[in-house]
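Worksheet: one structure, shown below.
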Amino acid sequence: APWSMAEAAGVASLRSMLEQKASSYNNNQRSYCTDHTLKRYLRARKFDVGKAFNMLTATLAWRKEFDVESISMLKVRANGETGKVVVRGADREGRPILFLRPGQENSKDDHDGNLKHLVYELERAMACMDEEHGVGKMLVVLDLQHYNMSNAPPMKTSRATLHILQDHYPERLAKFLIIDAPWLWQGFFTIIKPFIDKDTVTKLIFVNGKTAEAKREVLAKSLELNRLPKSIYGDMDDSVFFSADEYFSEEGEEKFRKEIIMQRAAIR
């Protein structure tokens, strides 16, 4: 969609504020600040340029401190070995799908390692977007089957995850499908809900049908069932959906990125 005058003016104002601090930013920070990025931060702060600037500069500082660009698949593979966070396939709008499967947790007390792995997967999802053609968001599928006290992440990690998603990846969430939320998770959600911004709450869709068929019907509205593994009510064999050796290889990363691009092209 063409940019509105308010968007164009906001981006120009934000850009000129950034220019004044340009000398303090490194190349990675500068290349992060595309016009699309500036527009996302403006949107997240209801076009208040001052607030958007504060939010963006906080992200630039965080990306440098967290050393986002240096997080490689080799560094996160041990945390990702079970496929608990996976970027795979496109939804019905051509957006990449990020799968979160806490029931596959394998390193719940490795706070820093799990956050690094999450950020690696978020960046991998970004690389599969196409902002020039209006695809700058992702669909998140949270599969809460097998979620219990033994694999639930500590509250500290949950809060940090929420902070990273809301403050450093604004306007990236299209929809959030929550499958088979048990009573335990609903209690946790009640605690964390006050920390979730109101716009995000409206994007949550709970998939708790009485039967597998009822759940498949809800899921099918957002994505084709052949892009979901059988373990999440889909039609794809789980061994095809994820194998660590393939997923954490350069060939696999490129293969799955191209798969999303091809699926998006088929919609158009």
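Scheme for the structure tokens: letters A, B, ... for chains in order shown; per-chain residue numbers from 1; ligand numbers from 1 in order shown.
The protein and nucleic acid residues lying at most 12 Å from Lys230 of chain A are Ala212, Arg216, Leu225, Asp235, Met236, Asp237, Asp238, Ser239, Val240, Phe241 and Phe242 of chain A, with only C-alpha atoms considered and sequence neighbours fewer than 5 positions away removed.
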query: If we count only C-alpha atoms, what is near Phe189 of chain A at a cut-off of 12 Å, once residues fewer than 4 positions away on the same chain are taken out, given as a ChimeraX atom specification?
result: /A:155,158-159,162,178,181-185,193-196,201,204
Each residue of segment 132-233 of chain A lying at most 10 Å from segment 51-68 of chain A should get a row with its shortest atom-to-atom pair and the distance in Å to one decimal, counting only C-alpha atoms; could you produce that, ordered by chain and increasing number, as JSON lines?
```
{"residue": "A:Ile164", "atom": "CA", "partner": "A:Thr59", "partner_atom": "CA", "distance": 9.1}
{"residue": "A:Asp167", "atom": "CA", "partner": "A:Met55", "partner_atom": "CA", "distance": 7.1}
{"residue": "A:His168", "atom": "CA", "partner": "A:Thr59", "partner_atom": "CA", "distance": 5.3}
{"residue": "A:Tyr169", "atom": "CA", "partner": "A:Thr59", "partner_atom": "CA", "distance": 8.6}
{"residue": "A:Pro170", "atom": "CA", "partner": "A:Met55", "partner_atom": "CA", "distance": 9.5}
```
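Distances to His117 of chain A were evaluated for A:Arg257, A:Phe206, A:Gly80, A:Gln20 using only C-alpha atoms, and the minimum falls at A:Gly80.
Taking only C-alpha atoms into account, Asp112 of chain A lies nearest to A:Thr157 out of the set A:Thr190, A:Thr157, A:Ser70, A:Thr82.
The closest residue to Asn226 of chain A, picked from A:Lys21, A:Arg45, A:Arg88, A:Lys108 and counting only C-alpha atoms, is A:Arg88.
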Hey, what does DSSP flag as strand (DSSP E) within segment 56-161 of chain A? Can you give it to me as a PDB file with N, CA and C atoms, in the first residue's frame?
```
ATOM      1  N   VAL A  85      11.684 -24.223  18.673  1.00  0.00           N
ATOM      2  CA  VAL A  85      11.376 -22.977  17.954  1.00  0.00           C
ATOM      3  C   VAL A  85      11.841 -23.181  16.513  1.00  0.00           C
ATOM      4  N   VAL A  86      10.894 -23.050  15.578  1.00  0.00           N
ATOM      5  CA  VAL A  86      11.200 -23.359  14.174  1.00  0.00           C
ATOM      6  C   VAL A  86      10.512 -22.343  13.263  1.00  0.00           C
ATOM      7  N   VAL A  87      11.221 -21.877  12.235  1.00  0.00           N
ATOM      8  CA  VAL A  87      10.612 -21.041  11.191  1.00  0.00           C
ATOM      9  C   VAL A  87      10.419 -21.948   9.976  1.00  0.00           C
ATOM     10  N   ARG A  88       9.154 -22.163   9.595  1.00  0.00           N
ATOM     11  CA  ARG A  88       8.923 -23.125   8.512  1.00  0.00           C
ATOM     12  C   ARG A  88       7.619 -22.815   7.794  1.00  0.00           C
ATOM     13  N   GLY A  89       7.680 -22.570   6.496  1.00  0.00           N
ATOM     14  CA  GLY A  89       6.479 -22.386   5.683  1.00  0.00           C
ATOM     15  C   GLY A  89       5.864 -21.005   5.803  1.00  0.00           C
ATOM     16  N   ALA A  90       4.903 -20.750   4.884  1.00  0.00           N
ATOM     17  CA  ALA A  90       4.189 -19.467   4.860  1.00  0.00           C
ATOM     18  C   ALA A  90       2.708 -19.700   5.141  1.00  0.00           C
ATOM     19  N   PRO A  96       5.900 -15.646   6.885  1.00  0.00           N
ATOM     20  CA  PRO A  96       6.570 -16.790   7.499  1.00  0.00           C
ATOM     21  C   PRO A  96       5.875 -17.206   8.795  1.00  0.00           C
ATOM     22  N   ILE A  97       5.958 -18.512   9.080  1.00  0.00           N
ATOM     23  CA  ILE A  97       5.339 -19.055  10.301  1.00  0.00           C
ATOM     24  C   ILE A  97       6.438 -19.404  11.291  1.00  0.00           C
ATOM     25  N   LEU A  98       6.297 -18.872  12.508  1.00  0.00           N
ATOM     26  CA  LEU A  98       7.227 -19.184  13.602  1.00  0.00           C
ATOM     27  C   LEU A  98       6.501 -20.132  14.552  1.00  0.00           C
ATOM     28  N   PHE A  99       7.044 -21.336  14.709  1.00  0.00           N
ATOM     29  CA  PHE A  99       6.461 -22.322  15.611  1.00  0.00           C
ATOM     30  C   PHE A  99       7.178 -22.295  16.955  1.00  0.00           C
ATOM     31  N   LEU A 100       6.390 -22.209  18.031  1.00  0.00           N
ATOM     32  CA  LEU A 100       6.932 -22.296  19.389  1.00  0.00           C
ATOM     33  C   LEU A 100       6.337 -23.551  20.016  1.00  0.00           C
ATOM     34  N   MET A 138       4.734 -11.884  10.785  1.00  0.00           N
ATOM     35  CA  MET A 138       4.741 -13.348  10.794  1.00  0.00           C
ATOM     36  C   MET A 138       3.528 -13.872  11.550  1.00  0.00           C
ATOM     37  N   LEU A 139       3.221 -15.122  11.272  1.00  0.00           N
ATOM     38  CA  LEU A 139       2.205 -15.845  12.031  1.00  0.00           C
ATOM     39  C   LEU A 139       2.957 -16.665  13.071  1.00  0.00           C
ATOM     40  N   VAL A 140       2.532 -16.602  14.324  1.00  0.00           N
ATOM     41  CA  VAL A 140       3.170 -17.413  15.374  1.00  0.00           C
ATOM     42  C   VAL A 140       2.200 -18.511  15.793  1.00  0.00           C
ATOM     43  N   VAL A 141       2.700 -19.734  15.817  1.00  0.00           N
ATOM     44  CA  VAL A 141       1.916 -20.885  16.276  1.00  0.00           C
ATOM     45  C   VAL A 141       2.538 -21.379  17.577  1.00  0.00           C
ATOM     46  N   LEU A 142       1.788 -21.249  18.666  1.00  0.00           N
ATOM     47  CA  LEU A 142       2.253 -21.717  19.983  1.00  0.00           C
ATOM     48  C   LEU A 142       1.529 -23.025  20.299  1.00  0.00           C
ATOM     49  N   ASP A 143       2.273 -24.114  20.236  1.00  0.00           N
ATOM     50  CA  ASP A 143       1.711 -25.442  20.474  1.00  0.00           C
ATOM     51  C   ASP A 143       1.949 -25.820  21.935  1.00  0.00           C
TER      52      ASP A 143
END
```
- prompt: Closest to Glu213 of chain A among A:Tyr233, A:Leu115, A:Gly50, A:Gly83, using only C-alpha atoms?
  reply: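 When distances to Glu213 of chain A are compared using only C-alpha atoms, the smallest one comes from A:Tyr233.
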